[in-house]
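A.B. asks: So that we are looking at the same thing, I have put the structure below in structure tokens.
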Amino acid sequence: MSMDKKYDHKLQEPAIQKKWESADVFTGKIEADKKPFTIILPPPNASGKLHTGNVLMLAIEDVLIRWKKMQGYSTLWIPGTDHAGFETQLVFERSLKEQGKSRFDYDRDSLYKAIWDFVQKNKEIIEKQIKSMGPGLDWSRYTFTLDEKVINTVYNTFQKMISENLVYRDDYVVNYCPKCGTTFADLELRHVTRKDPLYYMKYGPFTLATTRPETKFGDTAVAVNPKDERYKDYIGKEIEVEGLNGNFKLTVIADDFVDPEFGTGVVKVTPAHDKNDYEAGKRHGLKIKQVIGLDGKMTELAGSYAGLSVQEARKKVVGDLQKKGLMVKIDESYEHTISVCYKGGHEIEPMVLPNWFVKVETLKKPALDAVLNKEVRVYPRWREVTYVRWMEEMRDWPISRQVVWGIRIPAWYNIDENSDLQVTFINKNKERATGKVSDLLKSYSYEEIESGLQSLVAAKDAKFVISRTKPGNRFLQETDTFDTWFSSGQWPLVTLGYPDSEDFRYFYPISVMETGWEIIRFWVSRMIMFGIYLTGKPPFKDIYLHGLVRAIDGKKMSKSLGNVIDPLDYIDEYGADALRMGLISGTANGRDFAFPKDKVIAYRNFANKLWNMARFMLMLMEDRKVEFYDEKNIKGLNETDKAILIELENTKKNVNESLEKYRFSEAADFIYQFMWHEVADKYIEHVKDREDKELALSVFRFVFVEGLKLLHPFMPFATETIWSNLPKNEGDRELLVSLEWPK
RNA sequence: GGGCGGUUAGCUCAGAUGGUUAGAGCGCUACAUUGACAUUGUAGAGGUCAUAGGUUCGACUCCUUUACCGCCCACCA
């Protein structure tokens with residue numbers, strides 16, 4: 001047996017990976033005599049690259065899986081990837097752009113298929129990268145978020161919710177980006193501070209301040225604060241306003257949302273184009289006048305301004321107001337925050353569109369209680385507040401998204417019963433046509449519309465049929481897709497084959513949900529809601545939330561800041577073990593932390609140290625007959641022997657206690673201290689001076705191997721490699737991961 | 001604007017239920033190459049625990065103030 005002077009991770013890691021694979025050690029098995037231990041991997045983006053957050057997640061979950069497996073549990077860790085709705089569509093569209101195309105050149109079905117192919121091509125990259133970390137995943141149960149079984153479950157759930165009256169359609173102010181031609185979730189917005197002119201204009205008897213004079217055509221009321229003495233007498237009255245398209249009348253309403261301190265204390269209310277105004281409009285029963293279209297241009301309702309872009313219209317309106325003497329003053333130094341889409345940075349236009357909603361009132365209560373009564377435990381504890389607050393405040397959930405890449409909502413509209421359906425499609429001449437379906441049917445056949453369909457907008461009271469397949473002739477399917485959280489919220493269920501499978505009965509509920517704390521609201525809360533709603537049981541017992549890995553500059557990594565660290569570089573340079581340990585030892589308590597490069601190097605050195613400890617041991621054992629340590633029959637131990645054995649006991653206790661509490665960093669530290677500073681620095685030096693080397697070596701080998709086991713969940717490659725070089729006792733298994741955990 | 005968290009050695013971080021000389025890794029200094037490892041060993045320097053106050057016999061640890069940093073959320077026209 002020959003071992004090089006240095007531990008070479010590049011040589012050893014792929015070899016060990018193959019060993020685990022061929023031994024099939026991580027395939028989950030249903031074993032009646034064992035307790036299950038289940039984890040589901042939060043699915044990384046299928047067409048993305050492995051990032052540092054993924055690595056941390058893999059490292060932590062692998063520690064849990066290997067630890068529990070060695071403890072004798074029947075473990076299962078299911079991998080998966082996420083279709084990552086809009087994110088992926090955007091990347092795909094970039095590649096289209098390079099070919100001089102855009103998604104508007106495709107009908108909906110063709111676009112979906114094209115993205116599907118695109119993702120399939122890229123999927124292998126992330127899978128390979130995940131594997132390079134050495135995680136004990138069961139790839140035979142691998143799930144993609146658009147797999148047939150996922151869609152089936154999601155459809156069933158939707159059907160159930162419809163039949164139980166938990167789903168309804170309503171208007172909703174969406175964050176619409178005219179440039180991208182799609183809506184964004186609140187999460188996908190960025191808020192930027194910007195200086196914009198604040199216009200003070202005459203408005204009937206008032207002067208009011210606004211940054212958006214061009215939306216005045218959509219005003220359907222004027223609002224003041226009910227406590228504002230200045231305008232008390234106007235409340236409830238109708239005022240006449242001189243406008244650019246002639247005079248018009250509006251009612252003055254009183255509402256608390258108006259800040260008397262801002263501007264003049266009078267606000268124009270534009271329910272169609274402002275979230276705030278929409279809410280106020282709902283409270284006061286105001287009309288909605290849409291003056292900006294989905295193309296970002298002024299609609300017919302803007303009169304002579306129709307067809308202008310928002311920017312052009314604003315300019316013209318300002319000029320015209322000045323000409324008419326309706327502009328009182330312009331404050332050029334006004335600073336405010338506006339919403340922009342997170343990718344393109346384009347300004348968001350709030351729009352009112354019909355959407356699908358889930359009533360959360362009955363769903364959220366049990367989900368909140370499950371955490372409050374400790375049925376589900378949150379680690380670290382202080383994160384619980386985030387969850388509790390969110391569940392208390394949670395409002396009805398809009399689940400429809402105007403994106404192609406996702407699970408299409410299985411609702412069908414009969415075109416004869418819904419003649420006002422707004423339809424956009426590509427006709428036979430490859431031209432886009434848009435309009436009311438009843439009008440379009442005059443020039444086009446139903447078949448032509450159907451095959452070229454891009455998108456449709458159904459009124460909120462439209463008649464629909466829920467069906468997995470086309471329910472009959474002359475039906476068009478909803479073009480919106482489900483919010484990705486609607487499907488990923490059922491992830492623990494779909495991956496385990498809910499509702500009826502051996503896996504589901506044995507492995508559900510899963511043991512630990514390990515994920516980043518920043519998605520506790522969007523993901524964790526939905527999983528608990530769906531889990532309880534569909535099975536009556538929370539989908540998991542424990543939640544461990546790891547912190548965010550920040551860049552060296554202490555900020556969140558992002559492409560625009562240019563501070564992203566590629567973990568693959570570290571795997572290449574220092575090894576997956578070193579990277580895993582480096583990240584874990586930085587992540588105590590689930591707090592955010594800066595990427596610990598120093599520690600990665602330190603643990604690369606540690607792997608080498610272990611390697612050389614083994615080499616030295618083997619060298620000393622070469623010409624000697626060393627018995628395997630036997631606690632019961634060993635005789636002649638001296639004080640140092642006893643001390644290291646006691647130290648081993650302490651370490652076992654400490655590592656186990658730390659792991660039970662999800663204190664990974666602490667556990668890693670204990671075993672590191674033991675191996676390096678107790679075994680190597682003290683005991684090995686002692687062995688060198690021993691007369692009775694055989695006895696000392698037997699103790700040395702014993703504590704070393706016990707240490708390797710304790711360390712294995714953290715540094716699986718190095719420990720497994722070293723184990724493969726050591727002589728085995730009778731009954732010892734070929735693989736370290738299959739050995740019994742030190743108790 | 002609201003919420004959460006952070007501020008401990010040059011750097012990155014640990015320090016349950018408050019109690020002798022505040023810890024680790026890296027870096028730094030000095031020595032060491034005499035059975036593995038220089039990705040090494042031994043020894044050492046280095047901290048008014050952000051700030052101001054309070055509770056206490058006693059606080060890095062509990063309470064309050066201020067400042068700065070980070071993240072999440074947010075409808076101020």
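Following the order of the structure tokens, first chain is A, next is B, and so on, with residues numbered from 1 inside each chain and ligands from 1 in the order they appear.
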Residues of chain B near chain A: apply a cut-off of 10 Å, count only C-alpha atoms (C1' of nucleotides), and supply the list as a PDB file with C-alpha atoms (C1' of nucleotides), in the first residue's frame.
C.D. replies:
ATOM      1  C1'   G B   3     -39.393  43.960  11.174  1.00  0.00           C
ATOM      2  C1'   C B   4     -35.165  40.834  12.198  1.00  0.00           C
ATOM      3  C1'   G B   5     -30.059  40.380  12.999  1.00  0.00           C
ATOM      4  C1'   G B   6     -25.116  42.209  13.654  1.00  0.00           C
ATOM      5  C1'   C B  11      -9.322  39.576   9.048  1.00  0.00           C
ATOM      6  C1'   U B  12     -13.655  35.852   9.360  1.00  0.00           C
ATOM      7  C1'   C B  13     -16.296  34.209  13.386  1.00  0.00           C
ATOM      8  C1'   A B  14     -17.511  31.180  18.548  1.00  0.00           C
ATOM      9  C1'   A B  24     -10.945  29.309  17.326  1.00  0.00           C
ATOM     10  C1'   G B  25      -9.074  29.552  12.217  1.00  0.00           C
ATOM     11  C1'   C B  26      -6.189  32.667   9.219  1.00  0.00           C
ATOM     12  C1'   G B  27      -2.474  36.486   9.655  1.00  0.00           C
ATOM     13  C1'   G B  35      10.350   7.908  12.443  1.00  0.00           C
ATOM     14  C1'   A B  36       3.960  11.200   9.114  1.00  0.00           C
ATOM     15  C1'   C B  37       2.560  16.068   7.718  1.00  0.00           C
ATOM     16  C1'   U B  39      -0.942  22.354   3.721  1.00  0.00           C
ATOM     17  C1'   U B  40       4.127  20.945  10.006  1.00  0.00           C
ATOM     18  C1'   G B  41       5.507  21.589  15.465  1.00  0.00           C
ATOM     19  C1'   C B  69     -23.648  47.781   8.884  1.00  0.00           C
ATOM     20  C1'   G B  70     -26.574  43.773   6.651  1.00  0.00           C
ATOM     21  C1'   C B  71     -31.024  41.288   5.292  1.00  0.00           C
ATOM     22  C1'   C B  72     -36.379  40.875   4.788  1.00  0.00           C
ATOM     23  C1'   C B  73     -40.871  43.457   4.170  1.00  0.00           C
ATOM     24  C1'   C B  75     -49.305  51.442  -0.897  1.00  0.00           C
ATOM     25  C1'   C B  76     -47.022  57.505   0.884  1.00  0.00           C
ATOM     26  C1'   A B  77     -49.475  60.206  -4.258  1.00  0.00           C
TER      27        A B  77
END
A.B. asks: Write out as a PyMOL selection string which residues come within 10 Å of B:A22 when counting only C-alpha atoms (C1' of nucleotides), dropping same-chain ones fewer than 5 positions away.
C.D. replies: chain B and resi 8+15+47+49+60
A.B. asks: Output the selection as a compact mmCIF listing (two decimals), in the first residue's frame - C-alpha atoms (C1' of nucleotides) for each residue.
C.D. replies:
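Resulting contents of again07.txt:
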# COMPACT_ATOMS: atom_id res chain seq x y z
C1' U B 8 -15.91 40.63 20.49
C1' G B 15 -18.88 32.72 23.29
C1' G B 47 -9.14 42.60 22.65
C1' C B 49 -16.14 42.72 24.10
C1' C B 60 -19.40 40.33 26.45
A.B. asks: Considering only alpha helix (DSSP H) as DSSP defines it on the backbone, what residues of stretch 380-451 of chain A qualify? List them as a VMD selection string.
C.D. replies: chain A and resid 384 to 393 437 to 443 446 to 451
A.B. asks: Could you turn the residues from that selection into a file that holds C-alpha atoms, as an mmCIF file, in the first residue's frame?
C.D. replies:
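What landed in part23.cif:
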data_model
loop_
_atom_site.group_PDB
_atom_site.id
_atom_site.type_symbol
_atom_site.label_atom_id
_atom_site.label_comp_id
_atom_site.auth_asym_id
_atom_site.auth_seq_id
_atom_site.Cartn_x
_atom_site.Cartn_y
_atom_site.Cartn_z
ATOM 1 C CA GLU A 384 -39.920 31.798 14.510
ATOM 2 C CA VAL A 385 -41.094 35.393 14.809
ATOM 3 C CA THR A 386 -40.773 35.865 11.066
ATOM 4 C CA TYR A 387 -43.079 32.971 10.446
ATOM 5 C CA VAL A 388 -45.631 33.837 13.092
ATOM 6 C CA ARG A 389 -45.915 37.438 11.995
ATOM 7 C CA TRP A 390 -46.295 36.461 8.381
ATOM 8 C CA MET A 391 -49.008 33.932 9.088
ATOM 9 C CA GLU A 392 -50.925 36.394 11.168
ATOM 10 C CA GLU A 393 -50.821 39.024 8.458
ATOM 11 C CA VAL A 437 -62.599 36.773 -29.402
ATOM 12 C CA SER A 438 -66.057 37.540 -30.820
ATOM 13 C CA ASP A 439 -64.500 40.093 -33.172
ATOM 14 C CA LEU A 440 -61.583 37.881 -34.108
ATOM 15 C CA LEU A 441 -63.892 35.042 -34.996
ATOM 16 C CA LYS A 442 -65.229 37.158 -37.820
ATOM 17 C CA SER A 443 -61.877 36.961 -39.615
ATOM 18 C CA TYR A 446 -61.420 28.913 -33.998
ATOM 19 C CA GLU A 447 -58.724 26.431 -35.017
ATOM 20 C CA GLU A 448 -56.428 29.178 -36.213
ATOM 21 C CA ILE A 449 -56.825 31.102 -32.977
ATOM 22 C CA GLU A 450 -56.321 28.014 -30.881
ATOM 23 C CA SER A 451 -53.164 26.844 -32.588
#
A.B. asks: For B:U7, which residue out of B:A50, B:C28, B:C57, B:A67 is the nearest one, using only C-alpha atoms (C1' of nucleotides)?
C.D. replies: B:A50
A.B. asks: Using only C-alpha atoms (C1' of nucleotides), find the one residue out of B:A16, B:U21, B:U66, B:U56 that sits nearest to A:Ser658.
C.D. replies: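 Residue with the minimum atom-to-atom distance to A:Ser658: B:A16.
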A.B. asks: List the spatial neighbours of A:Asp105 as a list in words - criterion: any atom at most 10 Å away, only C-alpha atoms (C1' of nucleotides), same-chain residues fewer than 6 positions off excluded.
C.D. replies: Leu96, Leu111, Phe425, Ile426, Lys430, Glu431, Arg432 and Gln454 of chain A
A.B. asks: Write a file of the just-selected residues containing N, CA and C atoms, as a PDB file, in the first residue's frame.
C.D. replies:
ATOM      1  N   LEU A  96     -32.736  33.742 -27.285  1.00  0.00           N
ATOM      2  CA  LEU A  96     -33.552  34.048 -28.473  1.00  0.00           C
ATOM      3  C   LEU A  96     -33.098  35.345 -29.118  1.00  0.00           C
ATOM      4  N   LEU A 111     -43.532  27.940 -27.614  1.00  0.00           N
ATOM      5  CA  LEU A 111     -42.587  28.593 -26.707  1.00  0.00           C
ATOM      6  C   LEU A 111     -42.296  27.681 -25.514  1.00  0.00           C
ATOM      7  N   PHE A 425     -52.971  36.122 -30.458  1.00  0.00           N
ATOM      8  CA  PHE A 425     -52.477  34.897 -31.092  1.00  0.00           C
ATOM      9  C   PHE A 425     -51.690  35.221 -32.348  1.00  0.00           C
ATOM     10  N   ILE A 426     -51.035  34.213 -32.881  1.00  0.00           N
ATOM     11  CA  ILE A 426     -50.290  34.377 -34.129  1.00  0.00           C
ATOM     12  C   ILE A 426     -51.076  33.696 -35.240  1.00  0.00           C
ATOM     13  N   LYS A 430     -48.145  34.447 -39.688  1.00  0.00           N
ATOM     14  CA  LYS A 430     -47.145  34.751 -38.656  1.00  0.00           C
ATOM     15  C   LYS A 430     -47.262  36.182 -38.135  1.00  0.00           C
ATOM     16  N   GLU A 431     -48.468  36.704 -38.180  1.00  0.00           N
ATOM     17  CA  GLU A 431     -48.668  38.039 -37.617  1.00  0.00           C
ATOM     18  C   GLU A 431     -49.421  37.908 -36.298  1.00  0.00           C
ATOM     19  N   ARG A 432     -49.127  38.812 -35.384  1.00  0.00           N
ATOM     20  CA  ARG A 432     -49.855  38.794 -34.125  1.00  0.00           C
ATOM     21  C   ARG A 432     -51.174  39.525 -34.295  1.00  0.00           C
ATOM     22  N   GLN A 454     -51.361  32.913 -27.922  1.00  0.00           N
ATOM     23  CA  GLN A 454     -50.259  33.374 -27.066  1.00  0.00           C
ATOM     24  C   GLN A 454     -50.767  33.634 -25.653  1.00  0.00           C
TER      25      GLN A 454
END
A.B. asks: Just the residues within 10 Å of stretch 461-465 of chain A, please, counting only C-alpha atoms (C1' of nucleotides), with nothing from its chain fewer than 5 positions along; format it as a PyMOL selection string.
C.D. replies: chain A and resi 168-171+354+410-415+417-421+470-471+475-478
A.B. asks: Which residues are close to A:Tyr155, i.e. within 10 Å by only C-alpha atoms (C1' of nucleotides), leaving aside same-chain residues fewer than 5 positions away? Reply as an NGL selection string.
C.D. replies: :A and (149-150 or 160-161 or 407-410 or 466-468 or 487)
A.B. asks: Write the residues of the preceding selection, restricted to N, CA and C atoms, as a PDB file, in the first residue's frame.
C.D. replies:
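Contents of the output file again.pdb:
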ATOM      1  N   LYS A 149     -45.884  13.782 -12.440  1.00  0.00           N
ATOM      2  CA  LYS A 149     -46.489  13.525 -11.127  1.00  0.00           C
ATOM      3  C   LYS A 149     -46.697  14.823 -10.345  1.00  0.00           C
ATOM      4  N   VAL A 150     -45.821  15.790 -10.575  1.00  0.00           N
ATOM      5  CA  VAL A 150     -45.988  17.070  -9.895  1.00  0.00           C
ATOM      6  C   VAL A 150     -47.240  17.760 -10.429  1.00  0.00           C
ATOM      7  N   LYS A 160     -59.566  20.246  -5.961  1.00  0.00           N
ATOM      8  CA  LYS A 160     -60.126  20.121  -4.608  1.00  0.00           C
ATOM      9  C   LYS A 160     -60.446  21.493  -4.023  1.00  0.00           C
ATOM     10  N   MET A 161     -59.538  22.422  -4.233  1.00  0.00           N
ATOM     11  CA  MET A 161     -59.745  23.761  -3.682  1.00  0.00           C
ATOM     12  C   MET A 161     -60.906  24.461  -4.372  1.00  0.00           C
ATOM     13  N   ILE A 407     -46.613  25.651 -14.626  1.00  0.00           N
ATOM     14  CA  ILE A 407     -47.745  24.738 -14.744  1.00  0.00           C
ATOM     15  C   ILE A 407     -48.988  25.553 -15.093  1.00  0.00           C
ATOM     16  N   ARG A 408     -49.533  25.238 -16.267  1.00  0.00           N
ATOM     17  CA  ARG A 408     -50.644  26.023 -16.783  1.00  0.00           C
ATOM     18  C   ARG A 408     -51.916  25.741 -15.979  1.00  0.00           C
ATOM     19  N   ILE A 409     -52.614  26.792 -15.662  1.00  0.00           N
ATOM     20  CA  ILE A 409     -53.848  26.629 -14.884  1.00  0.00           C
ATOM     21  C   ILE A 409     -54.877  25.881 -15.726  1.00  0.00           C
ATOM     22  N   PRO A 410     -55.452  24.802 -15.190  1.00  0.00           N
ATOM     23  CA  PRO A 410     -56.332  23.935 -15.993  1.00  0.00           C
ATOM     24  C   PRO A 410     -57.762  24.449 -16.069  1.00  0.00           C
ATOM     25  N   ILE A 466     -63.059  23.535 -15.066  1.00  0.00           N
ATOM     26  CA  ILE A 466     -61.754  23.011 -14.652  1.00  0.00           C
ATOM     27  C   ILE A 466     -61.612  21.603 -15.216  1.00  0.00           C
ATOM     28  N   SER A 467     -60.567  21.407 -15.990  1.00  0.00           N
ATOM     29  CA  SER A 467     -60.365  20.094 -16.596  1.00  0.00           C
ATOM     30  C   SER A 467     -58.919  19.917 -16.999  1.00  0.00           C
ATOM     31  N   ARG A 468     -58.471  18.684 -16.868  1.00  0.00           N
ATOM     32  CA  ARG A 468     -57.090  18.387 -17.211  1.00  0.00           C
ATOM     33  C   ARG A 468     -56.904  18.363 -18.720  1.00  0.00           C
ATOM     34  N   SER A 487     -46.993  25.261  -6.573  1.00  0.00           N
ATOM     35  CA  SER A 487     -46.551  23.881  -6.791  1.00  0.00           C
ATOM     36  C   SER A 487     -45.427  23.483  -5.833  1.00  0.00           C
TER      37      SER A 487
END
A.B. asks: Which residues are close to stretch 22-39 of chain A, i.e. within 10 Å by only C-alpha atoms (C1' of nucleotides), leaving aside same-chain residues fewer than 4 positions away? Reply as a PyMOL selection string.
C.D. replies: chain A and resi 16-18+61-62+64-66+68-69+72-79+135-141+492+496+502-503+505-514+540+734-735+737-738
A.B. asks: Going by DSSP on the backbone, which residues of stretch 155-325 of chain A come out as strand (DSSP E)? List them as a VMD selection string.
C.D. replies: chain A and resid 167 to 177 182 to 184 189 to 195 198 to 203 206 to 210 221 to 224 238 to 241 248 to 254 266 to 269
A.B. asks: How about saving the chosen residues, C-alpha atoms kept, as a PDB file, in the first residue's frame?
C.D. replies:
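Output (selection-v3.pdb):
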ATOM      1  CA  VAL A 167     -60.366  29.551  -5.116  1.00  0.00           C
ATOM      2  CA  TYR A 168     -61.913  32.619  -6.667  1.00  0.00           C
ATOM      3  CA  ARG A 169     -61.225  35.125  -9.413  1.00  0.00           C
ATOM      4  CA  ASP A 170     -60.886  38.794  -8.761  1.00  0.00           C
ATOM      5  CA  ASP A 171     -59.210  41.912  -9.989  1.00  0.00           C
ATOM      6  CA  TYR A 172     -55.763  42.348  -8.727  1.00  0.00           C
ATOM      7  CA  VAL A 173     -53.221  45.078  -9.063  1.00  0.00           C
ATOM      8  CA  VAL A 174     -50.290  43.404 -10.683  1.00  0.00           C
ATOM      9  CA  ASN A 175     -46.794  44.697 -11.105  1.00  0.00           C
ATOM     10  CA  TYR A 176     -46.681  44.912 -14.830  1.00  0.00           C
ATOM     11  CA  CYS A 177     -43.559  45.645 -16.797  1.00  0.00           C
ATOM     12  CA  THR A 182     -45.281  40.412 -18.128  1.00  0.00           C
ATOM     13  CA  THR A 183     -46.188  40.760 -14.510  1.00  0.00           C
ATOM     14  CA  PHE A 184     -43.836  40.379 -11.611  1.00  0.00           C
ATOM     15  CA  LEU A 189     -39.283  43.938  -7.681  1.00  0.00           C
ATOM     16  CA  ARG A 190     -36.455  46.177  -6.706  1.00  0.00           C
ATOM     17  CA  HIS A 191     -37.053  49.491  -5.076  1.00  0.00           C
ATOM     18  CA  VAL A 192     -34.864  52.318  -6.160  1.00  0.00           C
ATOM     19  CA  THR A 193     -34.695  55.830  -4.875  1.00  0.00           C
ATOM     20  CA  ARG A 194     -35.014  58.411  -7.572  1.00  0.00           C
ATOM     21  CA  LYS A 195     -35.471  62.117  -8.014  1.00  0.00           C
ATOM     22  CA  LEU A 198     -43.453  66.585  -8.131  1.00  0.00           C
ATOM     23  CA  TYR A 199     -46.169  68.482  -9.977  1.00  0.00           C
ATOM     24  CA  TYR A 200     -48.585  70.742  -8.137  1.00  0.00           C
ATOM     25  CA  MET A 201     -51.612  71.161 -10.342  1.00  0.00           C
ATOM     26  CA  LYS A 202     -54.965  72.831 -10.112  1.00  0.00           C
ATOM     27  CA  TYR A 203     -57.726  70.359  -9.640  1.00  0.00           C
ATOM     28  CA  PHE A 206     -57.918  72.205  -4.967  1.00  0.00           C
ATOM     29  CA  THR A 207     -54.284  72.161  -5.716  1.00  0.00           C
ATOM     30  CA  LEU A 208     -52.758  68.689  -5.467  1.00  0.00           C
ATOM     31  CA  ALA A 209     -49.322  67.175  -5.832  1.00  0.00           C
ATOM     32  CA  THR A 210     -48.540  64.192  -8.029  1.00  0.00           C
ATOM     33  CA  ALA A 221     -62.170  60.425  -7.113  1.00  0.00           C
ATOM     34  CA  VAL A 222     -60.246  62.906  -5.036  1.00  0.00           C
ATOM     35  CA  ALA A 223     -59.300  61.972  -1.504  1.00  0.00           C
ATOM     36  CA  VAL A 224     -58.498  63.830   1.695  1.00  0.00           C
ATOM     37  CA  GLU A 238     -68.933  66.510  -6.084  1.00  0.00           C
ATOM     38  CA  ILE A 239     -66.424  68.907  -7.569  1.00  0.00           C
ATOM     39  CA  GLU A 240     -65.985  70.070 -11.115  1.00  0.00           C
ATOM     40  CA  VAL A 241     -62.520  69.881 -12.593  1.00  0.00           C
ATOM     41  CA  PHE A 248     -65.402  66.459 -15.592  1.00  0.00           C
ATOM     42  CA  LYS A 249     -66.897  65.784 -12.177  1.00  0.00           C
ATOM     43  CA  LEU A 250     -65.450  63.805  -9.286  1.00  0.00           C
ATOM     44  CA  THR A 251     -66.519  62.993  -5.735  1.00  0.00           C
ATOM     45  CA  VAL A 252     -64.361  63.912  -2.765  1.00  0.00           C
ATOM     46  CA  ILE A 253     -63.829  60.957  -0.477  1.00  0.00           C
ATOM     47  CA  ALA A 254     -62.285  60.818   2.987  1.00  0.00           C
ATOM     48  CA  VAL A 266     -55.301  66.274  -1.388  1.00  0.00           C
ATOM     49  CA  VAL A 267     -54.790  63.207  -3.549  1.00  0.00           C
ATOM     50  CA  LYS A 268     -56.180  62.213  -6.890  1.00  0.00           C
ATOM     51  CA  VAL A 269     -57.337  58.615  -6.855  1.00  0.00           C
TER      52      VAL A 269
END
A.B. asks: Neighbouring residues of A:Asn638 were defined as those with any atom within 12 Å, considering only C-alpha atoms (C1' of nucleotides); residues of the same chain fewer than 6 positions away were excluded. Please report them as a VMD selection string.
C.D. replies: chain A and resid 644 to 645 683 686 to 687 690 to 692 695 to 696 699
A.B. asks: Would you save the residues of that selection, restricted to all heavy atoms, as a short mmCIF file (atom, residue, chain, number, x, y, z; two decimals), in the first residue's frame?
C.D. replies:
data_model
loop_
_atom_site.label_atom_id
_atom_site.label_comp_id
_atom_site.auth_asym_id
_atom_site.auth_seq_id
_atom_site.Cartn_x
_atom_site.Cartn_y
_atom_site.Cartn_z
N ILE A 644 -6.56 9.89 26.46
CA ILE A 644 -7.07 10.07 25.09
C ILE A 644 -8.39 9.34 24.92
O ILE A 644 -9.28 9.80 24.20
CB ILE A 644 -6.03 9.62 24.03
CG1 ILE A 644 -6.44 10.11 22.62
CG2 ILE A 644 -5.87 8.10 23.98
CD1 ILE A 644 -6.32 11.58 22.42
N LEU A 645 -8.56 8.23 25.63
CA LEU A 645 -9.82 7.50 25.56
C LEU A 645 -10.96 8.31 26.19
O LEU A 645 -12.09 8.34 25.69
CB LEU A 645 -9.70 6.14 26.23
CG LEU A 645 -8.84 5.13 25.43
CD1 LEU A 645 -8.45 3.94 26.28
CD2 LEU A 645 -9.57 4.67 24.17
N TYR A 683 -1.21 12.71 21.34
CA TYR A 683 -1.07 11.26 21.45
C TYR A 683 -0.03 10.69 20.49
O TYR A 683 0.75 9.82 20.87
CB TYR A 683 -2.43 10.57 21.26
CG TYR A 683 -2.39 9.14 21.76
CD1 TYR A 683 -2.34 8.88 23.14
CD2 TYR A 683 -2.31 8.07 20.88
CE1 TYR A 683 -2.24 7.59 23.62
CE2 TYR A 683 -2.22 6.77 21.35
CZ TYR A 683 -2.18 6.53 22.73
OH TYR A 683 -2.07 5.26 23.21
N HIS A 686 3.28 11.09 21.84
CA HIS A 686 3.44 10.15 22.94
C HIS A 686 3.77 8.74 22.41
O HIS A 686 4.64 8.05 22.94
CB HIS A 686 2.16 10.14 23.79
CG HIS A 686 2.11 9.04 24.80
ND1 HIS A 686 2.83 9.09 25.97
CD2 HIS A 686 1.44 7.87 24.82
CE1 HIS A 686 2.60 7.99 26.68
NE2 HIS A 686 1.76 7.22 25.99
N VAL A 687 3.10 8.35 21.34
CA VAL A 687 3.33 7.01 20.78
C VAL A 687 4.79 6.84 20.37
O VAL A 687 5.38 5.77 20.52
CB VAL A 687 2.40 6.77 19.55
CG1 VAL A 687 2.77 5.49 18.82
CG2 VAL A 687 0.95 6.73 19.99
N ARG A 690 6.84 5.54 23.15
CA ARG A 690 6.40 4.35 23.88
C ARG A 690 7.28 3.13 23.61
O ARG A 690 7.69 2.86 22.49
CB ARG A 690 4.95 3.98 23.47
CG ARG A 690 3.90 4.77 24.20
CD ARG A 690 3.75 4.42 25.65
NE ARG A 690 2.87 3.28 25.85
CZ ARG A 690 1.56 3.39 25.98
NH1 ARG A 690 0.96 4.56 25.90
NH2 ARG A 690 0.83 2.30 26.19
N GLU A 691 7.56 2.39 24.71
CA GLU A 691 8.26 1.12 24.56
C GLU A 691 7.31 0.07 24.00
O GLU A 691 7.61 -0.61 23.03
CB GLU A 691 8.78 0.64 25.93
CG GLU A 691 9.84 1.53 26.55
CD GLU A 691 11.12 1.55 25.73
OE1 GLU A 691 11.44 0.51 25.12
OE2 GLU A 691 11.78 2.61 25.67
N ASP A 692 6.11 -0.01 24.63
CA ASP A 692 5.12 -1.00 24.19
C ASP A 692 4.29 -0.44 23.05
O ASP A 692 3.11 -0.14 23.17
CB ASP A 692 4.22 -1.42 25.36
CG ASP A 692 3.61 -0.21 26.08
OD1 ASP A 692 4.10 0.91 25.88
OD2 ASP A 692 2.63 -0.40 26.81
N LEU A 695 0.74 -1.86 21.91
CA LEU A 695 -0.42 -1.46 22.69
C LEU A 695 -0.84 -0.02 22.34
O LEU A 695 -2.01 0.26 22.09
CB LEU A 695 -0.09 -1.55 24.19
CG LEU A 695 -1.21 -1.11 25.13
CD1 LEU A 695 -2.41 -2.03 25.01
CD2 LEU A 695 -0.73 -1.03 26.56
N ALA A 696 0.12 0.88 22.30
CA ALA A 696 -0.17 2.28 21.99
C ALA A 696 -0.78 2.41 20.61
O ALA A 696 -1.72 3.19 20.39
CB ALA A 696 1.11 3.11 22.10
N VAL A 699 -4.39 1.52 20.55
CA VAL A 699 -5.21 2.63 21.07
C VAL A 699 -5.30 3.73 20.01
O VAL A 699 -6.38 4.27 19.73
CB VAL A 699 -4.62 3.20 22.38
CG1 VAL A 699 -5.36 4.46 22.79
CG2 VAL A 699 -4.68 2.15 23.49
#
